[in-house]
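Inspection log for the structure reproduced underneath, given as structure tokens.
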Amino acid sequence: MAAERVHDVLVVGGGNGGLSAAAHLRRRGCPDVGLIEPSERHVYKPLQNYVGTGLASDDELSRPQASLIPDGVEWLRTAAVAIDPERREVRCADGSVVRGRDLIVATGAVIDWSLLPGATEALASGLAVTTYVDTELARTRERIAGFTSGRAIFELRGQPVSGRETALKPLFIACDTWRANGVLDAIEVILVHDGDRLHPVDAIAAEIRRHLDRYGIEARPSTHVVALRGDEVDLAGPRGTIPERADLVHLHPPYRAPEVIRESGLDADGTGGFAAVDPETLRHPTHPRVWVVGDAGDLGDARTGGALREQVKIAVENIRRSRAGEPLERYDGYTVAPIATSRRSLSFGEYDRELRPRHSLPLPARGQIRSSPLWYALDRHALPQIYWNRILKGRL
């Protein structure tokens with residue numbers, strides 16, 4: 001029988017949420033933290049949109065996982081294959097069994113191309129590209145840079161997706177690149193989005209619309225890609241499913257919950273296989289010593305790195321409060337919508353669950369929503385350094 005290890009807090013997943021949670025726990029004095037994560041390489045995913053459009057280099061994108069494990073955290077270099085939420089016990093792919101007094105689930109979501117017929121073949125042929133998969137970034141960069149005429153379709157999917165608003169980055173950066181190359185007038189650019197509005201926050205929607213009009217982009221609401229075949233894309237919209245010819249398609253991938261979430265019974269009716277979680281306390285509704293952060297949870301809010309940063313701090317604080325018998329802190333659904341509108345300018349909208357504009361910077365919220373080179377510099381250059389040196393170290 002495999003030996004069982006017990007940690008004060010056990011974190012499942014070593015992405016943004018898992019690493020920063022482990023770091024926050026250690027900085028707050030947690031004596032024994034275990035972290036389950038099989039990957040040897042850690043990718044800063046928000047930078048993929050810049051690498052895939054030629055505005056950042058490949059070597060900026062990732063670092064060895066070993067260099068990011070917080071001091072004092074035991075890294076279990078294996079994958080979680082089953083979770084017993086009642087015992088807070090995790091069975092791992094290497095046969096080990098690990099328990100925690102409290103369990104933080106930060107497994108993220110999984111891209112599943114099988115949910116979109118023809119996607120794998122379209123990516124292989126070059127018809128389709130995406131900035132959401134790090135192995136596709138070189139091909140995406142080459143296709144955008146070399147595209148000179150034809151029809152380009154960009155997709156903006158609804159939940160559950162990771163970084164929904166950031167799917168507009170490759171759209172606007174590509175259009176700005178094509179304008180600079182003198183070919184934008186020869187390209188028909190279409191944005192399909194499955195909502196009836198561009199964005200639920202009026203001010204952010206208005207800013208998106210301003211830049212769609214500036215580039216002459218046709219927006220098709222309540223429409224999404226359902227299949228790809230040859231040089232055709234099936235678009236499901238208000239008039240049914242219609243095949244459209246395309247020369248380039250930027251895909252916003254379909255996501256699903258990790259198998260370990262569904263198979264461990266952490267989900268519930270209506271969560272689509274994602275972990276059930278109280279969206280305010282980040283506690284599992286049935287298992288009070290299980291906490292969920294990030295894309296793995298059915299929080300009902302936008303899945304972004306900015307949201308995750310707030311969730312991690314609240315979950316770590318609530319573990320302490322729960323143990324002390326104190327009232328739990330509440331997460332208000334804060335998230336961020338960093339939308340690059342050109343190769344040098346970005347809109348940095350922030351909002352909460354009630355769709356109220358927020359501002360973490362010392363400026364009015366509307367001032368952040370208006371695209372500016374300042375916000376581009378923050379997102380492209382400052383935030384990656386903040387991520388590696390502060391967020392993942394539990395300092396922010």
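Starting from 1 in every chain, residues are counted up; chains themselves are A, B, ... following the order of the structure tokens, and ligands are numbered from 1 as listed.
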Query - Per-residue DSSP, stretch 110-292 of chain A, filtered to alpha helix (DSSP H), as an NGL selection string - result: :A and (119-125 or 137-146 or 168-180 or 202-215 or 259-263)
Closest-contact table, stretch 66-157 of chain A side, partner stretch 10-17 of chain A, 9 Å, counting only C-alpha atoms, as JSON lines:
{"residue": "A:Ile69", "atom": "CA", "partner": "A:Gly14", "partner_atom": "CA", "distance": 8.7}
{"residue": "A:Ala79", "atom": "CA", "partner": "A:Gly13", "partner_atom": "CA", "distance": 8.4}
{"residue": "A:Ala80", "atom": "CA", "partner": "A:Val12", "partner_atom": "CA", "distance": 7.1}
{"residue": "A:Arg88", "atom": "CA", "partner": "A:Leu10", "partner_atom": "CA", "distance": 8.4}
{"residue": "A:Val90", "atom": "CA", "partner": "A:Val12", "partner_atom": "CA", "distance": 8.5}
{"residue": "A:Val98", "atom": "CA", "partner": "A:Leu10", "partner_atom": "CA", "distance": 8.0}
{"residue": "A:Arg99", "atom": "CA", "partner": "A:Leu10", "partner_atom": "CA", "distance": 6.8}
{"residue": "A:Gly100", "atom": "CA", "partner": "A:Leu10", "partner_atom": "CA", "distance": 4.8}
{"residue": "A:Arg101", "atom": "CA", "partner": "A:Leu10", "partner_atom": "CA", "distance": 7.5}
{"residue": "A:Asp102", "atom": "CA", "partner": "A:Leu10", "partner_atom": "CA", "distance": 6.4}
{"residue": "A:Leu103", "atom": "CA", "partner": "A:Leu10", "partner_atom": "CA", "distance": 5.0}
{"residue": "A:Ile104", "atom": "CA", "partner": "A:Val11", "partner_atom": "CA", "distance": 4.7}
{"residue": "A:Val105", "atom": "CA", "partner": "A:Val12", "partner_atom": "CA", "distance": 5.1}
{"residue": "A:Ala106", "atom": "CA", "partner": "A:Gly13", "partner_atom": "CA", "distance": 4.9}
{"residue": "A:Thr107", "atom": "CA", "partner": "A:Gly13", "partner_atom": "CA", "distance": 4.5}
{"residue": "A:Gly108", "atom": "CA", "partner": "A:Gly13", "partner_atom": "CA", "distance": 7.5}
Using only C-alpha atoms, what does the table of stretch 313-342 of chain A residues within 12 Å of stretch 47-66 of chain A look like, with each row giving the shortest atom pair and its distance in Å to one decimal, sorted by chain and ascending number, as a Markdown table?
| residue | atom | partner | partner_atom | distance |
| --- | --- | --- | --- | --- |
| A:Pro338 | CA | A:Asn49 | CA | 11.2 |
| A:Ile339 | CA | A:Asn49 | CA | 10.5 |
| A:Ala340 | CA | A:Asn49 | CA | 9.5 |
| A:Ser342 | CA | A:Leu55 | CA | 10.8 |
Query raised in the report: Any idea what's packed within 10 Å of stretch 218-225 of chain A, counting only C-alpha atoms, ignoring anything in its chain fewer than 2 positions away? Could you give it as a VMD selection string?
Result: chain A and resid 116 to 117 119 153 to 158 188 to 198 209 212 to 213 215 to 216 227 to 228 233 to 243 249 251 to 252
Create the file for the chosen residues now, containing N, CA and C atoms and written as a tab-separated table (two decimals), in the first residue's frame.
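Written file, out.tsv:
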chain	number	residue	atom	x	y	z
A	116	LEU	N	-14.99	20.99	-30.89
A	116	LEU	CA	-15.17	21.80	-32.09
A	116	LEU	C	-14.73	20.98	-33.30
A	117	PRO	N	-15.68	20.34	-34.00
A	117	PRO	CA	-15.33	19.47	-35.13
A	117	PRO	C	-14.49	20.20	-36.19
A	119	ALA	N	-11.48	21.36	-35.87
A	119	ALA	CA	-10.52	22.34	-35.36
A	119	ALA	C	-9.08	21.83	-35.48
A	153	ILE	N	-11.68	35.64	-39.94
A	153	ILE	CA	-12.73	35.54	-38.92
A	153	ILE	C	-12.07	35.33	-37.56
A	154	PHE	N	-12.47	36.14	-36.61
A	154	PHE	CA	-11.99	36.03	-35.24
A	154	PHE	C	-13.17	35.68	-34.34
A	155	GLU	N	-12.89	34.83	-33.35
A	155	GLU	CA	-13.96	34.30	-32.50
A	155	GLU	C	-13.79	34.76	-31.06
A	156	LEU	N	-14.90	35.14	-30.44
A	156	LEU	CA	-14.94	35.50	-29.02
A	156	LEU	C	-16.02	34.65	-28.37
A	157	ARG	N	-15.58	33.63	-27.60
A	157	ARG	CA	-16.52	32.70	-26.98
A	157	ARG	C	-16.96	33.19	-25.61
A	158	GLY	N	-18.12	32.69	-25.18
A	158	GLY	CA	-18.61	32.95	-23.84
A	158	GLY	C	-18.11	31.89	-22.87
A	188	GLU	N	-11.27	41.40	-45.41
A	188	GLU	CA	-12.58	41.47	-44.76
A	188	GLU	C	-12.45	40.84	-43.38
A	189	VAL	N	-12.62	41.64	-42.35
A	189	VAL	CA	-12.42	41.16	-40.99
A	189	VAL	C	-13.77	41.03	-40.29
A	190	ILE	N	-14.02	39.86	-39.73
A	190	ILE	CA	-15.30	39.58	-39.07
A	190	ILE	C	-15.03	39.10	-37.65
A	191	LEU	N	-15.75	39.66	-36.69
A	191	LEU	CA	-15.73	39.17	-35.31
A	191	LEU	C	-17.05	38.49	-35.02
A	192	VAL	N	-17.00	37.22	-34.64
A	192	VAL	CA	-18.22	36.53	-34.20
A	192	VAL	C	-18.15	36.37	-32.69
A	193	HIS	N	-19.22	36.75	-32.01
A	193	HIS	CA	-19.26	36.60	-30.55
A	193	HIS	C	-20.62	36.07	-30.16
A	194	ASP	N	-20.63	35.15	-29.20
A	194	ASP	CA	-21.87	34.43	-28.93
A	194	ASP	C	-22.82	35.15	-27.99
A	195	GLY	N	-22.47	36.32	-27.52
A	195	GLY	CA	-23.40	37.12	-26.72
A	195	GLY	C	-24.16	38.09	-27.58
A	196	ASP	N	-25.23	38.64	-27.02
A	196	ASP	CA	-25.96	39.66	-27.78
A	196	ASP	C	-25.35	41.04	-27.62
A	197	ARG	N	-24.37	41.16	-26.70
A	197	ARG	CA	-23.65	42.42	-26.51
A	197	ARG	C	-22.16	42.15	-26.59
A	198	LEU	N	-21.41	43.18	-26.95
A	198	LEU	CA	-19.96	43.03	-27.03
A	198	LEU	C	-19.35	42.80	-25.66
A	209	ARG	N	-16.49	48.84	-29.32
A	209	ARG	CA	-17.18	49.27	-30.54
A	209	ARG	C	-16.39	50.37	-31.24
A	212	LEU	N	-13.67	48.63	-33.17
A	212	LEU	CA	-14.21	47.85	-34.29
A	212	LEU	C	-14.51	48.78	-35.46
A	213	ASP	N	-15.13	49.92	-35.17
A	213	ASP	CA	-15.46	50.88	-36.24
A	213	ASP	C	-14.19	51.47	-36.85
A	215	TYR	N	-11.34	50.11	-37.36
A	215	TYR	CA	-10.70	49.19	-38.30
A	215	TYR	C	-11.67	48.67	-39.36
A	216	GLY	N	-12.94	49.02	-39.28
A	216	GLY	CA	-13.91	48.52	-40.25
A	216	GLY	C	-14.24	47.05	-40.06
A	227	ALA	N	-18.07	24.41	-36.45
A	227	ALA	CA	-17.30	23.39	-37.17
A	227	ALA	C	-16.44	24.07	-38.23
A	228	LEU	N	-15.37	23.38	-38.64
A	228	LEU	CA	-14.50	23.85	-39.72
A	228	LEU	C	-14.30	22.70	-40.70
A	233	VAL	N	-16.16	27.64	-42.72
A	233	VAL	CA	-16.43	27.67	-41.28
A	233	VAL	C	-17.93	27.68	-41.09
A	234	ASP	N	-18.45	26.78	-40.30
A	234	ASP	CA	-19.89	26.78	-39.99
A	234	ASP	C	-20.13	27.72	-38.81
A	235	LEU	N	-20.93	28.74	-39.05
A	235	LEU	CA	-21.25	29.72	-38.03
A	235	LEU	C	-22.71	29.57	-37.62
A	236	ALA	N	-22.95	29.31	-36.34
A	236	ALA	CA	-24.31	29.22	-35.83
A	236	ALA	C	-24.72	30.58	-35.29
A	237	GLY	N	-25.83	31.10	-35.83
A	237	GLY	CA	-26.28	32.43	-35.42
A	237	GLY	C	-27.79	32.54	-35.44
A	238	PRO	N	-28.30	33.74	-35.40
A	238	PRO	CA	-29.75	33.95	-35.36
A	238	PRO	C	-30.51	33.35	-36.53
A	239	ARG	N	-29.85	33.18	-37.67
A	239	ARG	CA	-30.52	32.61	-38.86
A	239	ARG	C	-30.21	31.12	-39.04
A	240	GLY	N	-29.69	30.49	-38.00
A	240	GLY	CA	-29.33	29.08	-38.09
A	240	GLY	C	-27.85	28.91	-38.36
A	241	THR	N	-27.45	27.73	-38.80
A	241	THR	CA	-26.04	27.45	-39.07
A	241	THR	C	-25.76	27.65	-40.55
A	242	ILE	N	-24.79	28.50	-40.84
A	242	ILE	CA	-24.48	28.89	-42.21
A	242	ILE	C	-23.00	28.68	-42.48
A	243	PRO	N	-22.63	27.98	-43.56
A	243	PRO	CA	-21.21	27.85	-43.90
A	243	PRO	C	-20.69	29.15	-44.52
A	249	VAL	N	-8.78	31.92	-39.73
A	249	VAL	CA	-9.70	31.90	-38.60
A	249	VAL	C	-8.89	31.86	-37.31
A	251	LEU	N	-9.15	31.06	-33.58
A	251	LEU	CA	-10.08	30.34	-32.72
A	251	LEU	C	-9.87	30.68	-31.25
A	252	HIS	N	-10.97	30.90	-30.58
A	252	HIS	CA	-11.00	30.98	-29.12
A	252	HIS	C	-11.41	29.59	-28.65
Query raised in the report: Got a sec: who's within 9 Å of A:Glu280, counting only C-alpha atoms, leaving out chain neighbours fewer than 5 positions off, as a PyMOL selection string?
Result: chain A and resi 299+329-333
Report summary line: Separating atom CA of A:Gln159 from atom CA of A:Gly126, to the nearest tenth of an Å, is a gap of 26.1 Å
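Proximity ranking of A:Pro258, A:Leu68, A:Ile83, A:Val293 relative to A:Gly273 places A:Pro258 first, based on only C-alpha atoms.
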Report task. For A:Pro327, list every protein, DNA or RNA residue within 9 Å, evaluated using only C-alpha atoms, and leave out those in the same chain fewer than 3 positions away; present the list as a list in words. Result -> Asn318, Arg321 and Ser322 of chain A
Those same residues, written as a short mmCIF file (atom, residue, chain, number, x, y, z; two decimals), in the first residue's frame with all heavy atoms?
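Result file part12.cif:
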data_model
loop_
_atom_site.label_atom_id
_atom_site.label_comp_id
_atom_site.auth_asym_id
_atom_site.auth_seq_id
_atom_site.Cartn_x
_atom_site.Cartn_y
_atom_site.Cartn_z
N ASN A 318 -9.42 33.02 4.17
CA ASN A 318 -10.58 32.30 4.70
C ASN A 318 -10.22 30.96 5.33
O ASN A 318 -10.94 30.48 6.21
CB ASN A 318 -11.64 32.13 3.61
CG ASN A 318 -12.46 33.40 3.42
OD1 ASN A 318 -12.41 34.31 4.26
ND2 ASN A 318 -13.23 33.46 2.34
N ARG A 321 -9.42 32.18 8.74
CA ARG A 321 -10.63 32.59 9.46
C ARG A 321 -11.50 31.40 9.83
O ARG A 321 -12.07 31.34 10.92
CB ARG A 321 -11.43 33.58 8.62
CG ARG A 321 -10.75 34.92 8.42
CD ARG A 321 -11.68 35.93 7.80
NE ARG A 321 -11.03 37.23 7.61
CZ ARG A 321 -11.68 38.37 7.44
NH1 ARG A 321 -13.02 38.37 7.40
NH2 ARG A 321 -11.02 39.49 7.28
N SER A 322 -11.59 30.43 8.92
CA SER A 322 -12.39 29.24 9.20
C SER A 322 -11.84 28.49 10.41
O SER A 322 -12.58 28.05 11.29
CB SER A 322 -12.40 28.33 7.97
OG SER A 322 -13.06 27.12 8.24
#
So that I can check the surroundings of A:Gly163, please list as a short mmCIF file (atom, residue, chain, number, x, y, z; two decimals) with all heavy atoms, in the first residue's frame every protein, DNA and RNA residue that reaches within 12 Å of it, counting only C-alpha atoms and ignoring chain neighbours fewer than 2 positions away.
data_model
loop_
_atom_site.label_atom_id
_atom_site.label_comp_id
_atom_site.auth_asym_id
_atom_site.auth_seq_id
_atom_site.Cartn_x
_atom_site.Cartn_y
_atom_site.Cartn_z
N LYS A 45 0.54 32.82 -19.28
CA LYS A 45 -0.40 32.74 -20.39
C LYS A 45 -0.81 34.07 -20.99
O LYS A 45 -1.02 34.17 -22.21
CB LYS A 45 -1.62 31.92 -19.97
CG LYS A 45 -1.29 30.46 -19.72
CD LYS A 45 -2.52 29.65 -19.34
CE LYS A 45 -2.14 28.19 -19.11
NZ LYS A 45 -3.31 27.37 -18.73
N PRO A 46 -0.99 35.15 -20.21
CA PRO A 46 -1.38 36.41 -20.84
C PRO A 46 -0.41 36.90 -21.90
O PRO A 46 -0.80 37.63 -22.82
CB PRO A 46 -1.44 37.39 -19.65
CG PRO A 46 -1.78 36.53 -18.48
CD PRO A 46 -1.03 35.24 -18.73
N LEU A 47 0.86 36.48 -21.81
CA LEU A 47 1.84 36.94 -22.79
C LEU A 47 1.70 36.23 -24.13
O LEU A 47 2.26 36.66 -25.14
CB LEU A 47 3.26 36.74 -22.23
CG LEU A 47 4.36 37.63 -22.81
CD1 LEU A 47 4.07 39.10 -22.56
CD2 LEU A 47 5.72 37.25 -22.22
N GLN A 48 0.94 35.12 -24.15
CA GLN A 48 0.80 34.37 -25.40
C GLN A 48 0.20 35.23 -26.52
O GLN A 48 0.56 35.06 -27.69
CB GLN A 48 -0.07 33.12 -25.17
CG GLN A 48 0.63 32.08 -24.32
CD GLN A 48 -0.17 30.81 -24.11
OE1 GLN A 48 0.30 29.87 -23.46
NE2 GLN A 48 -1.39 30.77 -24.62
N ASN A 49 -0.73 36.14 -26.17
CA ASN A 49 -1.31 37.00 -27.20
C ASN A 49 -0.27 37.90 -27.85
O ASN A 49 -0.36 38.22 -29.03
CB ASN A 49 -2.43 37.85 -26.60
CG ASN A 49 -3.68 37.05 -26.33
OD1 ASN A 49 -4.30 36.52 -27.25
ND2 ASN A 49 -4.06 36.93 -25.06
N GLY A 108 -7.28 24.59 -12.82
CA GLY A 108 -7.54 25.26 -14.08
C GLY A 108 -8.56 24.51 -14.92
O GLY A 108 -9.20 23.56 -14.45
N ALA A 109 -8.73 24.96 -16.15
CA ALA A 109 -9.62 24.32 -17.12
C ALA A 109 -8.78 23.72 -18.24
O ALA A 109 -7.57 23.99 -18.35
CB ALA A 109 -10.64 25.30 -17.67
N THR A 131 -3.90 32.05 -30.34
CA THR A 131 -2.88 32.50 -29.39
C THR A 131 -3.09 31.85 -28.02
O THR A 131 -2.39 32.18 -27.07
CB THR A 131 -2.92 34.03 -29.23
OG1 THR A 131 -4.26 34.44 -28.91
CG2 THR A 131 -2.47 34.72 -30.50
N TYR A 132 -4.02 30.93 -27.90
CA TYR A 132 -4.34 30.32 -26.61
C TYR A 132 -3.59 29.02 -26.34
O TYR A 132 -3.73 28.44 -25.28
CB TYR A 132 -5.86 30.09 -26.49
CG TYR A 132 -6.60 31.36 -26.11
CD1 TYR A 132 -6.81 32.37 -27.03
CD2 TYR A 132 -7.04 31.55 -24.81
CE1 TYR A 132 -7.46 33.54 -26.68
CE2 TYR A 132 -7.70 32.72 -24.44
CZ TYR A 132 -7.90 33.71 -25.38
OH TYR A 132 -8.53 34.87 -25.03
N LEU A 156 -14.90 35.14 -30.44
CA LEU A 156 -14.94 35.50 -29.02
C LEU A 156 -16.02 34.65 -28.37
O LEU A 156 -17.21 34.86 -28.58
CB LEU A 156 -15.27 36.99 -28.86
CG LEU A 156 -15.33 37.56 -27.45
CD1 LEU A 156 -13.99 37.45 -26.75
CD2 LEU A 156 -15.78 39.02 -27.49
N ARG A 157 -15.58 33.63 -27.60
CA ARG A 157 -16.52 32.70 -26.98
C ARG A 157 -16.96 33.19 -25.61
O ARG A 157 -16.25 33.92 -24.93
CB ARG A 157 -15.87 31.32 -26.81
CG ARG A 157 -15.82 30.48 -28.06
CD ARG A 157 -15.22 29.11 -27.78
NE ARG A 157 -15.26 28.29 -28.98
CZ ARG A 157 -16.21 27.41 -29.25
NH1 ARG A 157 -17.20 27.23 -28.39
NH2 ARG A 157 -16.19 26.71 -30.36
N GLY A 158 -18.12 32.69 -25.18
CA GLY A 158 -18.61 32.95 -23.84
C GLY A 158 -18.11 31.89 -22.87
O GLY A 158 -17.32 31.01 -23.21
N GLN A 159 -18.59 31.96 -21.63
CA GLN A 159 -18.16 31.01 -20.60
C GLN A 159 -18.59 29.58 -20.94
O GLN A 159 -19.61 29.39 -21.57
CB GLN A 159 -18.75 31.43 -19.25
CG GLN A 159 -18.29 32.77 -18.76
CD GLN A 159 -16.80 32.78 -18.38
OE1 GLN A 159 -16.15 31.74 -18.31
NE2 GLN A 159 -16.28 33.97 -18.15
N PRO A 160 -17.79 28.58 -20.55
CA PRO A 160 -16.55 28.72 -19.77
C PRO A 160 -15.32 28.84 -20.66
O PRO A 160 -14.99 27.91 -21.39
CB PRO A 160 -16.50 27.40 -18.98
CG PRO A 160 -17.15 26.41 -19.90
CD PRO A 160 -18.19 27.17 -20.69
N VAL A 161 -14.67 29.98 -20.62
CA VAL A 161 -13.41 30.16 -21.34
C VAL A 161 -12.46 30.90 -20.41
O VAL A 161 -12.87 31.57 -19.47
CB VAL A 161 -13.58 30.95 -22.66
CG1 VAL A 161 -14.38 30.16 -23.66
CG2 VAL A 161 -14.19 32.32 -22.40
N GLU A 165 -12.03 38.35 -22.59
CA GLU A 165 -11.81 39.63 -23.27
C GLU A 165 -10.48 39.66 -24.03
O GLU A 165 -10.34 40.36 -25.03
CB GLU A 165 -11.85 40.78 -22.28
CG GLU A 165 -13.23 41.07 -21.71
CD GLU A 165 -13.43 40.45 -20.33
OE1 GLU A 165 -12.74 39.44 -20.02
OE2 GLU A 165 -14.28 40.95 -19.57
N THR A 166 -9.50 38.88 -23.55
CA THR A 166 -8.20 38.92 -24.20
C THR A 166 -8.22 38.32 -25.60
O THR A 166 -7.26 38.49 -26.36
CB THR A 166 -7.13 38.21 -23.35
OG1 THR A 166 -7.49 36.84 -23.19
CG2 THR A 166 -7.00 38.86 -21.99
N ALA A 167 -9.31 37.63 -25.98
CA ALA A 167 -9.43 37.14 -27.35
C ALA A 167 -9.55 38.29 -28.34
O ALA A 167 -9.37 38.10 -29.55
CB ALA A 167 -10.63 36.21 -27.49
N LEU A 168 -9.83 39.49 -27.84
CA LEU A 168 -9.86 40.67 -28.72
C LEU A 168 -8.46 41.21 -29.00
O LEU A 168 -8.27 41.97 -29.95
CB LEU A 168 -10.72 41.77 -28.08
CG LEU A 168 -12.22 41.45 -27.99
CD1 LEU A 168 -12.92 42.44 -27.07
CD2 LEU A 168 -12.86 41.45 -29.37
N LYS A 169 -7.49 40.82 -28.20
CA LYS A 169 -6.13 41.30 -28.44
C LYS A 169 -5.61 40.90 -29.82
O LYS A 169 -5.15 41.77 -30.58
CB LYS A 169 -5.18 40.79 -27.35
CG LYS A 169 -5.30 41.50 -26.01
CD LYS A 169 -4.27 40.94 -25.03
CE LYS A 169 -4.28 41.70 -23.72
NZ LYS A 169 -3.28 41.17 -22.75
N HIS A 252 -10.97 30.90 -30.58
CA HIS A 252 -11.00 30.98 -29.12
C HIS A 252 -11.41 29.59 -28.65
O HIS A 252 -12.54 29.18 -28.86
CB HIS A 252 -12.03 32.04 -28.68
CG HIS A 252 -11.89 32.48 -27.27
ND1 HIS A 252 -12.77 33.36 -26.69
CD2 HIS A 252 -11.00 32.17 -26.31
CE1 HIS A 252 -12.40 33.57 -25.44
NE2 HIS A 252 -11.33 32.87 -25.19
N PRO A 253 -10.51 28.83 -28.04
CA PRO A 253 -10.77 27.40 -27.85
C PRO A 253 -11.95 27.09 -26.93
O PRO A 253 -12.27 27.87 -26.02
CB PRO A 253 -9.47 26.88 -27.21
CG PRO A 253 -8.45 27.92 -27.51
CD PRO A 253 -9.19 29.21 -27.57
N TYR A 255 -13.38 25.12 -23.79
CA TYR A 255 -12.79 24.62 -22.55
C TYR A 255 -13.77 23.66 -21.87
O TYR A 255 -14.99 23.79 -22.00
CB TYR A 255 -12.47 25.77 -21.59
CG TYR A 255 -11.26 26.58 -21.96
CD1 TYR A 255 -11.32 27.55 -22.96
CD2 TYR A 255 -10.05 26.40 -21.30
CE1 TYR A 255 -10.21 28.31 -23.30
CE2 TYR A 255 -8.93 27.15 -21.63
CZ TYR A 255 -9.02 28.10 -22.62
OH TYR A 255 -7.91 28.85 -22.95
N GLY A 294 -9.88 30.01 -9.33
CA GLY A 294 -9.52 29.98 -10.74
C GLY A 294 -10.50 29.27 -11.64
O GLY A 294 -11.67 29.06 -11.30
N ASP A 295 -10.00 28.87 -12.81
CA ASP A 295 -10.84 28.36 -13.89
C ASP A 295 -11.51 27.04 -13.58
O ASP A 295 -12.47 26.66 -14.26
CB ASP A 295 -10.01 28.21 -15.16
CG ASP A 295 -9.49 29.53 -15.71
OD1 ASP A 295 -9.83 30.58 -15.12
OD2 ASP A 295 -8.76 29.51 -16.71
N ASP A 301 -18.20 34.09 -12.74
CA ASP A 301 -17.52 35.34 -13.07
C ASP A 301 -16.50 35.10 -14.17
O ASP A 301 -16.17 33.96 -14.49
CB ASP A 301 -16.81 35.91 -11.83
CG ASP A 301 -17.76 36.15 -10.67
OD1 ASP A 301 -18.78 36.81 -10.89
OD2 ASP A 301 -17.48 35.66 -9.56
N ALA A 302 -15.98 36.19 -14.72
CA ALA A 302 -14.98 36.07 -15.77
C ALA A 302 -13.73 35.37 -15.25
O ALA A 302 -13.29 35.61 -14.13
CB ALA A 302 -14.62 37.46 -16.32
N ARG A 303 -13.17 34.49 -16.07
CA ARG A 303 -11.98 33.74 -15.69
C ARG A 303 -10.74 34.48 -16.20
O ARG A 303 -10.36 34.36 -17.36
CB ARG A 303 -12.05 32.33 -16.28
CG ARG A 303 -13.13 31.44 -15.65
CD ARG A 303 -13.30 30.17 -16.45
NE ARG A 303 -13.91 29.09 -15.69
CZ ARG A 303 -15.20 28.83 -15.64
NH1 ARG A 303 -16.04 29.59 -16.34
NH2 ARG A 303 -15.67 27.82 -14.92
N THR A 304 -10.11 35.26 -15.32
CA THR A 304 -8.95 36.05 -15.69
C THR A 304 -7.89 35.95 -14.61
O THR A 304 -8.17 35.59 -13.46
CB THR A 304 -9.30 37.53 -15.89
OG1 THR A 304 -9.65 38.10 -14.61
CG2 THR A 304 -10.46 37.71 -16.87
N GLY A 305 -6.66 36.32 -14.97
CA GLY A 305 -5.59 36.34 -13.99
C GLY A 305 -5.83 37.36 -12.89
O GLY A 305 -5.47 37.13 -11.73
N GLY A 306 -6.42 38.51 -13.27
CA GLY A 306 -6.72 39.52 -12.26
C GLY A 306 -7.72 39.03 -11.25
O GLY A 306 -7.60 39.28 -10.04
N ALA A 307 -8.73 38.29 -11.73
CA ALA A 307 -9.71 37.71 -10.81
C ALA A 307 -9.05 36.69 -9.91
O ALA A 307 -9.30 36.64 -8.70
CB ALA A 307 -10.84 37.07 -11.61
N LEU A 308 -8.18 35.87 -10.48
CA LEU A 308 -7.51 34.82 -9.72
C LEU A 308 -6.66 35.40 -8.60
O LEU A 308 -6.60 34.85 -7.50
CB LEU A 308 -6.65 33.99 -10.67
CG LEU A 308 -5.95 32.76 -10.10
CD1 LEU A 308 -6.95 31.84 -9.41
CD2 LEU A 308 -5.22 32.02 -11.20
N THR A 335 -12.76 41.41 -11.59
CA THR A 335 -12.00 40.87 -12.72
C THR A 335 -11.48 42.03 -13.56
O THR A 335 -11.78 43.20 -13.29
CB THR A 335 -12.86 39.92 -13.56
OG1 THR A 335 -12.02 39.21 -14.48
CG2 THR A 335 -13.95 40.65 -14.31
N VAL A 336 -10.70 41.71 -14.55
CA VAL A 336 -10.07 42.74 -15.36
C VAL A 336 -10.18 42.37 -16.83
O VAL A 336 -10.18 41.19 -17.19
CB VAL A 336 -8.59 42.93 -14.94
CG1 VAL A 336 -7.80 41.65 -15.15
CG2 VAL A 336 -7.94 44.09 -15.68
N ALA A 337 -10.30 43.39 -17.68
CA ALA A 337 -10.45 43.18 -19.12
C ALA A 337 -9.36 43.97 -19.86
O ALA A 337 -9.61 45.07 -20.35
CB ALA A 337 -11.83 43.63 -19.59
N PRO A 338 -8.14 43.41 -19.94
CA PRO A 338 -7.08 44.11 -20.67
C PRO A 338 -7.19 43.83 -22.17
O PRO A 338 -6.93 42.73 -22.62
CB PRO A 338 -5.80 43.51 -20.08
CG PRO A 338 -6.21 42.13 -19.65
CD PRO A 338 -7.68 42.17 -19.33
N ILE A 339 -7.61 44.83 -22.94
CA ILE A 339 -7.86 44.65 -24.37
C ILE A 339 -6.90 45.53 -25.16
O ILE A 339 -7.05 46.77 -25.17
CB ILE A 339 -9.32 45.00 -24.72
CG1 ILE A 339 -10.29 44.14 -23.91
CG2 ILE A 339 -9.57 44.83 -26.21
CD1 ILE A 339 -11.73 44.60 -23.99
#
Query raised in the report: Quick one: residues within 8 Å of A:Lys313, only C-alpha atoms counted, chain neighbours fewer than 3 positions away excluded, as JSON, numbers by chain?
Result: {"A": [21, 24, 309, 310, 316, 317]}
Atoms kept (C-alpha atoms) for selection, written as a PDB file, in the first residue's frame:
ATOM      1  CA  ALA A  21      -1.649  30.314  -3.144  1.00  0.00           C
ATOM      2  CA  HIS A  24       0.739  33.338   0.219  1.00  0.00           C
ATOM      3  CA  ARG A 309      -5.159  37.152  -7.844  1.00  0.00           C
ATOM      4  CA  GLU A 310      -8.054  38.379  -5.697  1.00  0.00           C
ATOM      5  CA  VAL A 316      -5.926  31.834   1.933  1.00  0.00           C
ATOM      6  CA  GLU A 317      -7.392  34.346   4.397  1.00  0.00           C
TER       7      GLU A 317
END
Query raised in the report: Could you write out, as a ChimeraX atom specification, all the residues of stretch 26-162 of chain A that DSSP marks as strand (DSSP E or B)?
Result: /A:33-36,41-43,62-64,73-76,80-84,89-92,97-105,110-111,128-129,150-156,162
